Each structure stands twice: as structure tokens, then as C-alpha cells.
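Enquirer: Got a structure here, written out as C-alpha cells. Questions coming.
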Amino acid sequence: MNESRVQAIITKEWLDMGKNKMVLIMMALLPVILVAMILGTAWLMQRTPEADFDPNTGSSGMALPAELAELGAKTGTMVLINDQYMFYLLLIPMALPVYIAAYSIIGEKETRSLEPLLATPITTAELLTGKIIAAVVPAVVLAWLSYLLTAAGMILVASPIIVAYMVRPVWTLSMALHGPLFALLSTACGVIASSRLNDARAAQQITALFIVPVIGLSMAVLMGRVYINLNLLLWATAVLVLVNVGVLWLAVRLFRRETILTRWK
Amino acid sequence: MIQAMNLTKRFNGLLAVDDLSLEVREGEVFGFLGPNGAGKTTTMRMLSALIAPTSGTALVNGHQIGTESQAVRASVGLLTETPGLYPRLNAEHNLGLFAKLHGVDDVDGQVRRYLTLLDLWTRRHDPVGSFSKGMQQKLAIARALLHEPLVLFLDEPTSALDPEAARVVRDFIETLKGRGRTIFICTHNLNEADRLCDRGGVIRQRLIRVDTPQALRQGLYGQSVLVRLQQPAPGLETTIAGLPFVSSVSAVEGGLRIALEDPEIHNPDLVRTLVEAGAAVQFVEREAHSLEQVYFDLMRESEAPETEVTA
């Protein structure tokens with residue numbers, strides 16, 4: 001693996017990304033909306049009287065998990081809803097790379113720039129590494145920044161116990177570990193879809209399907225069926241690492257230079 | 001410099017290139033002529049190690065395609081049919097990327113050198129999407145030359161350009177001649193091939209003929225002169241056909257077309273015989289066949305497969 005070639009691809013991708021207003025808007029929009037939504041919800045709930053929360057079921061109509069019951073109805077419900085929102089923050093490293101990766105590969109097809117690129121000594125592994133890093137890093141940085149901003153904002157709008165639950169090790173670790181793993185998985189799926197499809201939007205839509213299980217998990221948390229703890233975090237990390245390895249292997253295998261060159265018209 | 005041995009390429013069973021063998025010498029400008037779908041681009045992609053042949057092999061700059069593909073790609077420059085530039089990036093960034101990918105030592109210096117050489121230096125900070133087609137093509141040529149490759153592949157270098165831009169690009173290619181680079185041009189612009197190429201190959205899936213443009217003409221038509229006469233002279237054709245150095249005579253409008261072994265040696269005898277036979281000779285001129293005529297006659301001669309493959 002030639003590092004300078006990988007670095008050249010990353011630099012090019014970021015330069016190109018910086019000049020693509022559509023990509024920049026999409027990258028900024030999702031984190032801004034999510035952070036605003038989380039803080040807005042916390043602000044509203046904080047101002048809702050304790051009496052408005054049912055001591056048995058919180059506000060969702062479903063029983064609070066045993067781990068949160070001792071916090072009281074209002075605080076327990078706020079923690080529960082925040083826990084669900086943390087999954088939404090994890091959607092940032094999942095959703096953004098799909099968008100970036102689809103444009104980064106199919107964009108090459110649209111400008112017909114892939115053939116000159118493949119005519120250089122760059123290997124498939126170097127090309128994909130460069131493109132994947134270029135898509136993963138901004139998404140992960142934005143996810144981490146969103147998490148930090150949300151935590152900082154929470155100090156202003158919610159009680160200290162809500163902040164403490166939000167930055168508890170399970171979520172901080174999840175952001176630190178699952179953020180990059182989700183981003184990597186999402187990018188690899190984007191590369192696979194882009195290698196097979198000619199349309200960036202179709203590639204994004206197909207890749208976006210794998211966000212569904214994460215949304216499902218977040219709903220399970222909201223309904224009190226699952227409570228995120230360290231044990232679950234470690235299992236999820238192990239599964240994600242395995243899935244990532246498999247999908248990355250598949251992405252490199254499916255990126256056939258010759259097929260892409262001769263079939264992309 | 002380029003040695004192709006029995007190169008064959010099939011796409012899902014469809015024959016794109018059939019058993020192609022050819023040799024392009026060092027420093028030579030070689031024109032690869034053929035209609036759309038004849039296999040020109042496919043051959044060029046195989047020779048520049050972008051796609052693998054179904055069978056056969058080739059040596060490019062001493063490296064074997066297939067087994068030393070990376071070395072082949074490092075030693076050749078490729079101008080693709082469309083410029084394939086990054087429109088949002090400026091000219092400097094477009095070239096800088098490729099200089100780095102090719103491991104050029106002095107990236108900035110080499111980028112400056114080629115932007116200056118191709119009169120693009122003052123536009124170096126402008127996004128390439130704002131460039132005219134001619135400027136984009138010049139930038140794409142610069143990109144192919146950045147790493148100073150010994151072999152340069154040019155795929156239809158002027159096909160999408162207006163006549164003025166095409167001339168600029170053609171003039172630049174002409175300046176590259178004689179600098180030791182081997183240049184392989186795929187084109188269906190026969191005037192361009194006539195002007196630029198030392199030798200040419202005509203392809204339609206398989207290689208039909210390879211030679212210098214002049215030899216291709218001679219091979220098909222021999223050497224002939226056109227004799228313009230003030231008025232037709234009866235029996236003249238029979239008299240001329242009897243000369244030992246004349247291979248054929250035919251009547252054309254206003255005179256005769258006479259095929260000779262060597263016009264430079266035999267023209268004086270021919271003219272003397274014509275005058276003695278009572279012909280009122282106005283002009284004697286060497287018949288010039290355009291490469292276009294040669295090409296169309298070769299195409300007619302060839303037994304092309306029915307299937308047409310583009311890749």
C-alpha cells in the first residue's frame with residue numbers, strides 16, 4: 001500500500017467535497033437538525049411539571065426499565081428518550097458516508113474520470129482506502145462534534161443528572177467505537193452499491209436500507225424492551241467488527257476495474 | 001517499444017479484438033485506424049493495462065501486460081476519449097493529483113511546466129468546468145505527460161473538438177514527435193493520421209494492414225500518373241499499354257490514368273511516346289490517393305464480422 005497515493009486520493013476527495021455545495025449542505029443539515037431536536041425536546045420536557053409524568057409509565061405509556069425506575073417519572077422518561085436520541089446521533093456516521101461514497105464513486109462515472117485514474121499505478125485497494133477514509137473521517141468527526149455539542153447544550157437546558165446519563169461510559173464508548181464502525185460499514189456498502197449501479201441516488205437509497213435495524217433498536221429502547229449497557233455495547237462492537245470485515249472484503253472483491261470501465265457508459 | 005502478440009478480447013462471448021499482433025518502434029507515431037466499434041479503444045486499454053486480454057499478451061516498454069500491469073501503467077501516459085477531469089477542481093489540483101499518483105518528484109514544478117507549455121498557467125486557479133473543450137483536452141494531454149512517459153496513448157485526441165481547438169491539439173502532438181516518445185493514436189480522423197503518423201494500422205476486430213501511409217497507398221493502387229489531354233486521341237490507350245513499364249491504363253475524364261513501376265524514371269519515356277502517338281498533352285501529374293480512399297478500400301476488402309462491440 002503506497003501511502004502517498006492514498007493521501008493524494010483523500011486530498012482530492014476533500015477538495016472536491018469542499019466545492020460541492022449539495023454535499024456540504026447535506027453534511028451540515030443532518031447534525032444540525034438532530035442536535036436541535038434533542039436539545040429542543042430536553043428543553044420542553046425540563047419545563048414540563050413532574051406531575052404531568054405518570055409515575056408508572058413515564059410519558060410514553062410504557063413502563064420505564066427497572067434501571068431507570070428509581071430516577072422518578074420525569075427524569076427517567078427524559079433519560080429514556082435521550083437514550084433513543086443517542087441512536088439518532090449514531091445515524092450521522094451511518095447516513096453521511098452513504099451520501100459521500102455514492103457521489104465519490106458514481107461521480108467519477110459521471111465525469112468519466114475513473115479511466116484516467118485507473119490508468120495510473122494506483123491499486124484497487126489504495127483507491128478504495130482513499131475513498132473510504134475520505135468519506136468516513138468527516139462523518140465521524142461530525143458525529144463526535146454533534147455529541148459534544150449536544151452534551152454541552154444539555155448542560156444549559158437540562159438537569160445535571162440527564163447530562164450525566166447522556167455522557168455515561170456506555171454512550172461515550174458507543175460514539176467512540178460504533179461511530180467509526182458504522183461509518184466504515186456504511187461507506188463499504190456505498191462502494192458496493194456504487195460499483196454495481198450507475199445512479200448516485202439509487203445507490204444512496206439502497207445503502208440507506210441498512211439504517212432500518214438501528215432505528216428498530218432505538219424503538220426497542222424507547223419501548224423499554226432493551227436497555228443499553230456495557231455488555232450489549234461489547235456484543236454490538238464485536239458483531240460490527242465482523243460485519244465490517246466481511247463487507248469491506250466484499251467491496252474490494254466487487255470493485256472490478258474492468259467491469260466498471262467497460263460497462264459504465 | 002510496443003509488441004502485441006495474438007491479442008484477443010471477448011466481452012461475454014462477443015469478439016472485440018481478434019488475434020492482433022503488431023510492433024510499434026521506439027520514437028514512432030503509430031496511427032490506429034478503424035470505424036467505431038472496430039476494437040481500437042479496447043486494444044489501447046489492453047496495451048495500457050487497463051483491461052486484460054482474453055488471450056495473447058503484449059510487452060509495453062519492456063513490461064508484460066497482465067503480469068506487470070502496474071509497471072505498464074507507470075510507464076505509459078493515457079489520453080482517454082473524453083478528458084475525464086474533475087470539473088469542480090482547478091487545473092493545478094487536477095494535475096497535482098495525477099503527478100502524486102505517478103510519484104513525480106517535483107509535483108509543483110512539473111505541474112507548472114506543463115501548464116505553461118500548454119498556455120494554461122494563467123487559468124491555473126480556475127475550475128476546470130469553466131474551461132472550453134479545447135482547453136480541457138490540452139489539460140488532459142498535460143495530465144498524460146506529467147510523469148514523462150515513454151509511451152503515450154491518445155484515444156481520439158481531437159474528435160470532440162471544433163476545428164480550431166483540434167488544430168491546436170494536433171499542433172501540440174506534432175511538437176511531441178521526434179522527442180523519443182512512442183505515440184499510439186487511435187483515430188478515425190484520417191487526415192490527422194496522414195499528417196501525424198509515421199505508420200498506421202487499419203483494424204476491424206482484426207488487424208487488416210500495417211504500414212506507412214505512403215506504402216498503404218502504393219500497396220493498394222501502385223504508383224500512377226494522370227495525363228490530361230487537350231482532346232481524346234484514338235488508339236492511344238493500346239499504344240501506352242504496350243510499354244514495358246506500364247502496368248495498366250484507363251480512361252478518365254479529360255485524359256488517362258496510367259499505372260507505372262516508377263514514375264520518376266519512366267515519365268520522360270511515357271511523355272515522349274504520348275507525343276509521338278499524337279496526343280496533345282496538357283499536364284502530367286502524380287495521382288494522389290488520400291488515406292481516406294485507402295481506408296475505405298481496405299474496409300471494403302476486409303471481411304468484417306457481423307457483430308460490433310464497443311468497450
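By order of appearance in the C-alpha cells: chains A, B, ..., then residues from 1 within every chain, and ligands from 1 in the order shown.
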Mind checking which residues fall within 9 Å of Asn267 (chain B), counting only C-alpha atoms, ignoring those fewer than 6 positions away in the same chain, and posting them as a PyMOL selection string?

Expert: chain B and resi 225+260+284

Enquirer: For the residues selected in the previous step, produce a file with N, CA and C atoms as a PDB file, in the first residue's frame.

Expert:
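Below you can see out_3.pdb, which holds the result:
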```pdb
ATOM      1  N   VAL B 225       0.081   7.961 -62.694  1.00  0.00           N
ATOM      2  CA  VAL B 225       0.064   9.377 -63.072  1.00  0.00           C
ATOM      3  C   VAL B 225      -1.216   9.642 -63.848  1.00  0.00           C
ATOM      4  N   LEU B 260       2.394   3.044 -63.325  1.00  0.00           N
ATOM      5  CA  LEU B 260       3.782   2.811 -63.753  1.00  0.00           C
ATOM      6  C   LEU B 260       4.562   2.140 -62.636  1.00  0.00           C
ATOM      7  N   VAL B 284       0.975  16.426 -66.822  1.00  0.00           N
ATOM      8  CA  VAL B 284       1.213  15.079 -66.282  1.00  0.00           C
ATOM      9  C   VAL B 284       1.413  15.254 -64.777  1.00  0.00           C
TER      10      VAL B 284
END
```

Enquirer: Quick one: which chain A residues come within 7 Å of chain B, and what is the nearest atom pair for each with the distance in Å to one decimal, counting only C-alpha atoms, rows ordered by chain and ascending number, as CSV?

Expert:
```
residue,atom,partner,partner_atom,distance
A:Arg5,CA,B:Leu101,CA,5.1
A:Ala8,CA,B:Leu97,CA,5.9
A:Lys12,CA,B:Leu97,CA,6.7
A:Asp16,CA,B:Leu89,CA,6.3
A:Lys19,CA,B:Arg88,CA,6.3
A:Thr111,CA,B:Gly84,CA,5.6
A:Arg112,CA,B:Gly84,CA,4.6
A:Ser113,CA,B:Gly84,CA,3.9
A:Pro116,CA,B:Thr80,CA,6.7
A:Leu118,CA,B:Leu50,CA,7.0
A:Ala119,CA,B:Arg73,CA,5.8
A:Thr120,CA,B:Arg73,CA,5.5
A:Pro121,CA,B:Gln70,CA,5.0
A:Ile122,CA,B:Leu101,CA,6.6
A:Glu258,CA,B:Ile51,CA,5.3
A:Thr262,CA,B:Ala311,CA,5.1
```

Enquirer: Skipping near chain neighbours, those fewer than 2 positions away, what residues fall within 10 Å of Gln46 (chain A) using only C-alpha atoms, listed as a PyMOL selection string?

Expert: chain A and resi 40-44+48-50+74-75+78+157-159+162

Enquirer: Please, what distance in Å, to one decimal, runs between CA of Leu146 (chain B) and CA of Leu115 (chain B)?

Expert: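 CA of Leu115 (chain B) lies 10.0 Å from CA of Leu146 (chain B).
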
Enquirer: Skip region 144-148 of chain A itself and residues of its chain fewer than 5 positions away, then list as a PyMOL selection string all residues within 10 Å of it, counting only C-alpha atoms.

Expert: chain A and resi 30-32+34-36+86+89-90+92-93+138-139+153-154+166-167+171-172+175-176+179-180

Enquirer: Could you give me, as a PyMOL selection string, each residue of region 7-151 of chain A that DSSP assigns to helix (DSSP H, G or I) when run on this structure's backbone?

Expert: chain A and resi 7-18+21-46+50-52+66-69+73-111+114-118+124-151

Enquirer: May I ask for the distance between CA of Glu3 (chain A) and CA of Ile133 (chain A), given in Å to one decimal place?

Expert: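 Here the two named atoms are 12.2 Å from each other.
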
Enquirer: Residues within 8 Å of Leu236 (chain B), please, as a PyMOL selection string. Count only C-alpha atoms; anything in the same chain fewer than 6 positions from it doesn't count.

Expert: chain B and resi 274+277+279

Enquirer: Create the file for the chosen residues now, containing all heavy atoms and written as a CSV table (one decimal), in the first residue's frame.

Expert:
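And here's out-v2.csv as it stands now:
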```
chain,number,residue,atom,x,y,z
B,274,LEU,N,3.7,9.4,-75.8
B,274,LEU,CA,2.4,10.0,-75.9
B,274,LEU,C,2.4,11.0,-77.1
B,274,LEU,O,1.6,11.1,-77.9
B,274,LEU,CB,2.0,10.7,-74.6
B,274,LEU,CG,1.5,9.8,-73.5
B,274,LEU,CD1,1.4,10.5,-72.2
B,274,LEU,CD2,0.1,9.3,-73.8
B,277,ALA,N,2.7,9.6,-80.4
B,277,ALA,CA,1.4,9.0,-80.8
B,277,ALA,C,0.4,10.0,-81.2
B,277,ALA,O,-0.8,9.7,-81.5
B,277,ALA,CB,0.9,8.0,-79.8
B,279,ALA,N,-0.7,12.6,-79.1
B,279,ALA,CA,-1.5,13.1,-78.0
B,279,ALA,C,-1.1,14.6,-77.7
B,279,ALA,O,0.1,14.9,-77.7
B,279,ALA,CB,-1.3,12.3,-76.8
```

Enquirer: Which neighbours of region 185-191 of chain B fall inside 7 Å, counting only C-alpha atoms, when residues of the same chain fewer than 3 positions from it are skipped, and could you give them as a PyMOL selection string?

Expert: chain B and resi 30-35+40+153-156+194-195+291-292

Enquirer: Looking at only C-alpha atoms, which of A:Leu261, A:Ile192, A:Leu184, A:Met37 is the one that sits closest to Asn244 (chain A)?

Expert: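 Using only C-alpha atoms, Asn244 (chain A) sits closest to A:Leu184.
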
Enquirer: Hey, which of B:Ile258, B:Val60, B:Leu7, B:Met1 ends up closest to Thr238 (chain B)? Count only C-alpha atoms.

Expert: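 Counting only C-alpha atoms, the residue closest to Thr238 (chain B) is B:Ile258.
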
Enquirer: As a PyMOL selection string, which residues of region 112-156 of chain B does DSSP assign to strand (DSSP E or B)?

Expert: chain B and resi 127+151-155
